[in-house]
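Comments concern the structure below.
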Amino acid sequence: MPYRRNDRRIACKVAKLVMTNNIPVSMFARMQRAIRLHWPFALLASVALGLLLTNLGSDFFWADEGDTAVLASNILKFGVPKAWDGVAFTDSDKGARVNDDLVMVSHPWVQYYVTAASFSVFGENKFAARLPFALAGWATILLGYFMTWRLTSDRIAAFCAAALMVLSVQFLLYARQCRYYSLNMLLTCCLFWAFFRMKSARSCVVFALFAILLFHTHPFGIVPLVVFGILTLIYRPFARARSWFWLATPGIVLFTLPWVAFAQRGYAANFERVRTISQGCARFVQYLIECVSVAPVIGSIILLIICLVSRRRLTKRAALGSTESAFLLVTFATLLCYGAALAMTESCDTLWRIGIRYTPAILPLMAMVAGILIAKTGRGRVVLWLPLLLIFGFTKLAQPTSWIPWREQNTMLMGNEVIEAHLPSKFIERFLPTEQLLFWRDLWHENPGTIAKTCEFLREHARAGDKVLINYSAEPLYFHTRLAQVLSILPDYPVYEAARRKGLPEYVFSVDRVRWVIWRPIWEGYNGHVWSDVERQIVAGGGRLEQVATVEETVWENRENIHFRRFSGGKYLFPPPADLPAASIFRVDWPD
């Protein structure tokens, strides 16, 4: 009995200590406290995960997604992303991206190995191809929230930053693609986070690792490193990180620069070097147009001006701190340096077509900038910051497209470059992001385009061993049907001689025994494929062409760029040219 009384007395003392917080809080208690503090974000993160994963495997791949999926599939066979798998040769740049062993070297490999890893676990299908990138997009939202919170100690700023990512249809489209976009966004945010915490050798190694991985998602990942390097030399608050940054630089160079030399031929084939100052200025303006039309750049600049003008009247909580100012500086400097890099390498027409897909990290970075500035301008008052968040998230007032200066005319000539804005088809769409409703609706609807309908036709009518010719989107067609493709390499392709030496079958270089021809007139001449030449070669070989079906031309299947996105029901926010000629499917009969 005395022993039991002592136990009871000890238990009472322990309970009293716990109740009075005189002992460390348990892990479970800390989790409960975190949930209480961050429950709005927990709810938002759950919604974001649903938006990213719902119906992820429904839409067919478009050309670039097909490229990633096919090369990832070949990694499972050969260990490296070979363009030739023994059945079909796939490379959309005339073979300029491959070396003499037909291995893809122009684009870094991270995205291909990530997809291959997913294939090895979940099988080779659309959902498996997109899953790791969707999860990377979700991780970007999580990191963006906690990064903003740590930088500002303000949950309002962090929530606004995450909410703007979730409400950005362009961000969601990038994250739902089987392509490097979300990896680039995630790793860029990781790089920023590592830089702001770089105080030791360990953090230096982590920073270098993120930098190397970022470069190997896309070469323009080197731009933020240049920005960091310059600012460590001229911006006093970054002086503490200077030695660690430059200590990490040799390792980063060692694992990135050789790849540039390795892939030089592919880069040379794709880059369009700037030749005059006016040409460079035009390209820079075109890039800014692409940025401000999908990211809250203009709105953030307006709020920043308000903060700077009224900084003397602001409370300590509402004024920008040194860390917050540094983050804003690095982000805007990165945006401008991205523009300068693209101005040196890409034409206005290319930038108009690709948008910011070479620099997708602008979306989460600008969302964090906007979140910080909304919280600062709102001064912690819900009646101020919540309306600002709603304006940024549910209108286009913070990211106006170039319809403001151009009104109904959306082009301008500068030098020998044509600057072109994206003009929505309806007046209301210039102010309200109707793409949000279209995106949410599409989560529950299939959206088949030209490739989807062509694949369905071939699955129904083609036999194993049939050969196919298509003049655009050969990669997704091959992934979805696994039918051999003819005339994949023309004599003027850079890879022609290497492919001949490798002994690829004759049908890769000709129309030999092609059974199905899918011809899309809008892509006439793409990569050298001309209908008159194809028809002449088939007839000269004794083949007889018969048109057996037509398919509606949708230009692209599942574009990542919102300006060219086709939503279900044939809805385009920025319509393509009217009266597009339909794609034709021909069956070819050969004499025995």
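Order determines the names: the first chain of the structure tokens is A, the second B, and so forth; residues in each chain are numbered 1 upward, and ligands are numbered 1 upward as they are shown.
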
**Request:** Please provide the set of residues having any atom within 7 Å of region 426-431 of chain A, restricted to only C-alpha atoms, with same-chain residues fewer than 4 positions apart removed, written as an MDAnalysis selection string.
**Result:** chainID A and resid 395:397

In region 443-500 of chain A, what's alpha helix (DSSP H) per DSSP? Answer as an mmCIF file with N, CA, C and O atoms, in the first residue's frame?
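Result file is selection-v2.cif:
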data_model
loop_
_atom_site.group_PDB
_atom_site.id
_atom_site.type_symbol
_atom_site.label_atom_id
_atom_site.label_comp_id
_atom_site.auth_asym_id
_atom_site.auth_seq_id
_atom_site.Cartn_x
_atom_site.Cartn_y
_atom_site.Cartn_z
ATOM 1 N N THR A 450 -6.910 16.280 -81.220
ATOM 2 C CA THR A 450 -6.554 15.577 -82.450
ATOM 3 C C THR A 450 -5.818 14.270 -82.171
ATOM 4 O O THR A 450 -6.134 13.221 -82.750
ATOM 5 N N ILE A 451 -4.846 14.305 -81.287
ATOM 6 C CA ILE A 451 -4.061 13.096 -81.004
ATOM 7 C C ILE A 451 -4.916 12.038 -80.327
ATOM 8 O O ILE A 451 -4.836 10.838 -80.658
ATOM 9 N N ALA A 452 -5.751 12.429 -79.379
ATOM 10 C CA ALA A 452 -6.591 11.459 -78.673
ATOM 11 C C ALA A 452 -7.511 10.733 -79.655
ATOM 12 O O ALA A 452 -7.643 9.500 -79.622
ATOM 13 N N LYS A 453 -8.153 11.476 -80.531
ATOM 14 C CA LYS A 453 -9.085 10.864 -81.480
ATOM 15 C C LYS A 453 -8.353 10.023 -82.521
ATOM 16 O O LYS A 453 -8.860 8.983 -82.960
ATOM 17 N N THR A 454 -7.153 10.462 -82.901
ATOM 18 C CA THR A 454 -6.354 9.666 -83.841
ATOM 19 C C THR A 454 -5.924 8.351 -83.201
ATOM 20 O O THR A 454 -5.984 7.285 -83.835
ATOM 21 N N CYS A 455 -5.495 8.410 -81.944
ATOM 22 C CA CYS A 455 -5.084 7.187 -81.243
ATOM 23 C C CYS A 455 -6.272 6.228 -81.096
ATOM 24 O O CYS A 455 -6.110 5.002 -81.236
ATOM 25 N N GLU A 456 -7.437 6.754 -80.805
ATOM 26 C CA GLU A 456 -8.622 5.904 -80.690
ATOM 27 C C GLU A 456 -8.924 5.217 -82.015
ATOM 28 O O GLU A 456 -9.288 4.032 -82.057
ATOM 29 N N PHE A 457 -8.772 5.955 -83.111
ATOM 30 C CA PHE A 457 -8.996 5.356 -84.431
ATOM 31 C C PHE A 457 -7.985 4.240 -84.681
ATOM 32 O O PHE A 457 -8.359 3.141 -85.140
ATOM 33 N N LEU A 458 -6.717 4.498 -84.407
ATOM 34 C CA LEU A 458 -5.684 3.496 -84.675
ATOM 35 C C LEU A 458 -5.839 2.271 -83.780
ATOM 36 O O LEU A 458 -5.600 1.135 -84.220
ATOM 37 N N ARG A 459 -6.246 2.469 -82.541
ATOM 38 C CA ARG A 459 -6.467 1.325 -81.662
ATOM 39 C C ARG A 459 -7.579 0.428 -82.185
ATOM 40 O O ARG A 459 -7.564 -0.784 -81.978
ATOM 41 N N GLU A 460 -8.522 1.029 -82.863
ATOM 42 C CA GLU A 460 -9.657 0.259 -83.378
ATOM 43 C C GLU A 460 -9.348 -0.413 -84.709
ATOM 44 O O GLU A 460 -9.804 -1.535 -84.971
ATOM 45 N N HIS A 461 -8.540 0.248 -85.551
ATOM 46 C CA HIS A 461 -8.358 -0.241 -86.922
ATOM 47 C C HIS A 461 -6.959 -0.767 -87.228
ATOM 48 O O HIS A 461 -6.803 -1.592 -88.147
ATOM 49 N N ALA A 474 4.547 13.168 -83.155
ATOM 50 C CA ALA A 474 4.916 11.760 -83.309
ATOM 51 C C ALA A 474 5.175 11.096 -81.957
ATOM 52 O O ALA A 474 4.869 9.918 -81.774
ATOM 53 N N GLU A 475 5.727 11.854 -81.004
ATOM 54 C CA GLU A 475 6.080 11.267 -79.706
ATOM 55 C C GLU A 475 4.871 10.765 -78.930
ATOM 56 O O GLU A 475 4.847 9.602 -78.495
ATOM 57 N N PRO A 476 3.840 11.613 -78.704
ATOM 58 C CA PRO A 476 2.673 11.074 -77.983
ATOM 59 C C PRO A 476 1.948 9.988 -78.745
ATOM 60 O O PRO A 476 1.422 9.051 -78.143
ATOM 61 N N LEU A 477 1.918 10.096 -80.082
ATOM 62 C CA LEU A 477 1.255 9.051 -80.866
ATOM 63 C C LEU A 477 1.954 7.712 -80.656
ATOM 64 O O LEU A 477 1.305 6.673 -80.498
ATOM 65 N N TYR A 478 3.289 7.744 -80.608
ATOM 66 C CA TYR A 478 4.014 6.501 -80.409
ATOM 67 C C TYR A 478 3.805 5.956 -79.001
ATOM 68 O O TYR A 478 3.601 4.751 -78.815
ATOM 69 N N PHE A 479 3.843 6.824 -78.000
ATOM 70 C CA PHE A 479 3.660 6.353 -76.626
ATOM 71 C C PHE A 479 2.289 5.713 -76.446
ATOM 72 O O PHE A 479 2.161 4.676 -75.780
ATOM 73 N N HIS A 480 1.268 6.297 -77.041
ATOM 74 C CA HIS A 480 -0.097 5.809 -76.829
ATOM 75 C C HIS A 480 -0.451 4.611 -77.707
ATOM 76 O O HIS A 480 -1.396 3.872 -77.382
ATOM 77 N N THR A 481 0.259 4.405 -78.828
ATOM 78 C CA THR A 481 -0.094 3.297 -79.733
ATOM 79 C C THR A 481 1.019 2.257 -79.866
ATOM 80 O O THR A 481 0.735 1.098 -80.177
ATOM 81 N N TYR A 496 21.322 12.226 -89.379
ATOM 82 C CA TYR A 496 21.126 11.267 -90.476
ATOM 83 C C TYR A 496 22.295 10.292 -90.609
ATOM 84 O O TYR A 496 22.098 9.064 -90.628
ATOM 85 N N GLU A 497 23.515 10.796 -90.689
ATOM 86 C CA GLU A 497 24.676 9.920 -90.895
ATOM 87 C C GLU A 497 24.880 8.981 -89.713
ATOM 88 O O GLU A 497 25.175 7.788 -89.881
ATOM 89 N N ALA A 498 24.721 9.504 -88.491
ATOM 90 C CA ALA A 498 24.890 8.659 -87.306
ATOM 91 C C ALA A 498 23.848 7.555 -87.276
ATOM 92 O O ALA A 498 24.151 6.406 -86.925
ATOM 93 N N ALA A 499 22.624 7.877 -87.671
ATOM 94 C CA ALA A 499 21.559 6.871 -87.687
ATOM 95 C C ALA A 499 21.833 5.802 -88.743
ATOM 96 O O ALA A 499 21.565 4.607 -88.515
ATOM 97 N N ARG A 500 22.356 6.215 -89.866
ATOM 98 C CA ARG A 500 22.709 5.237 -90.909
ATOM 99 C C ARG A 500 23.808 4.298 -90.421
ATOM 100 O O ARG A 500 23.755 3.074 -90.646
#

**Request:** Mind checking which residues fall within 12 Å of Leu443 (chain A), counting only C-alpha atoms, ignoring those fewer than 6 positions away in the same chain, and posting them as an NGL selection string?
**Result:** :A and (50-59 or 172-173 or 176 or 436-437 or 567-568)

Considering only C-alpha atoms, tabulate each residue of region 226-337 of chain A that lies at most 10 Å from region 146-156 of chain A along with its nearest interatomic pair and the corresponding distance in Å to one decimal; arrange the rows by chain and ascending residue number and present them as CSV.
residue,atom,partner,partner_atom,distance
A:Arg317,CA,A:Asp154,CA,8.9
A:Leu320,CA,A:Thr152,CA,8.9
A:Gly321,CA,A:Thr152,CA,7.9
A:Ser322,CA,A:Leu151,CA,9.8
A:Thr323,CA,A:Leu151,CA,6.5
A:Glu324,CA,A:Leu151,CA,6.5
A:Phe327,CA,A:Leu151,CA,8.4

**Non-local contacts of Ser168 (chain A) (8 Å; only C-alpha atoms; under 2 positions in same chain excluded) as number ranges by chain** = A: 164-166, 170-172, 294, 393, 436

Generate the output file for the selected residues, N, CA, C and O atoms, as an mmCIF file, in the first residue's frame.
data_model
loop_
_atom_site.group_PDB
_atom_site.id
_atom_site.type_symbol
_atom_site.label_atom_id
_atom_site.label_comp_id
_atom_site.auth_asym_id
_atom_site.auth_seq_id
_atom_site.Cartn_x
_atom_site.Cartn_y
_atom_site.Cartn_z
ATOM 1 N N LEU A 164 -2.279 32.317 -53.701
ATOM 2 C CA LEU A 164 -2.075 32.818 -55.058
ATOM 3 C C LEU A 164 -1.524 31.735 -55.976
ATOM 4 O O LEU A 164 -1.814 31.722 -57.177
ATOM 5 N N MET A 165 -0.723 30.824 -55.446
ATOM 6 C CA MET A 165 -0.274 29.688 -56.258
ATOM 7 C C MET A 165 -1.444 28.773 -56.606
ATOM 8 O O MET A 165 -1.599 28.350 -57.755
ATOM 9 N N VAL A 166 -2.275 28.472 -55.614
ATOM 10 C CA VAL A 166 -3.400 27.573 -55.839
ATOM 11 C C VAL A 166 -4.402 28.183 -56.808
ATOM 12 O O VAL A 166 -5.024 27.471 -57.605
ATOM 13 N N GLN A 170 -2.235 28.970 -64.450
ATOM 14 C CA GLN A 170 -0.972 28.682 -65.129
ATOM 15 C C GLN A 170 -0.064 27.825 -64.264
ATOM 16 O O GLN A 170 0.576 26.887 -64.752
ATOM 17 N N PHE A 171 -0.002 28.105 -62.969
ATOM 18 C CA PHE A 171 0.786 27.284 -62.051
ATOM 19 C C PHE A 171 0.257 25.853 -62.041
ATOM 20 O O PHE A 171 1.035 24.889 -62.112
ATOM 21 N N LEU A 172 -1.048 25.674 -61.959
ATOM 22 C CA LEU A 172 -1.637 24.331 -61.908
ATOM 23 C C LEU A 172 -1.402 23.573 -63.208
ATOM 24 O O LEU A 172 -1.150 22.360 -63.193
ATOM 25 N N VAL A 294 0.653 36.380 -66.563
ATOM 26 C CA VAL A 294 0.341 35.171 -65.786
ATOM 27 C C VAL A 294 0.773 35.268 -64.334
ATOM 28 O O VAL A 294 0.415 34.410 -63.520
ATOM 29 N N GLY A 393 -6.302 37.314 -56.502
ATOM 30 C CA GLY A 393 -6.604 35.926 -56.824
ATOM 31 C C GLY A 393 -7.743 35.726 -57.790
ATOM 32 O O GLY A 393 -7.738 34.747 -58.552
ATOM 33 N N GLN A 436 -10.226 29.992 -64.485
ATOM 34 C CA GLN A 436 -10.389 29.242 -63.239
ATOM 35 C C GLN A 436 -11.614 28.341 -63.307
ATOM 36 O O GLN A 436 -11.548 27.153 -62.976
#
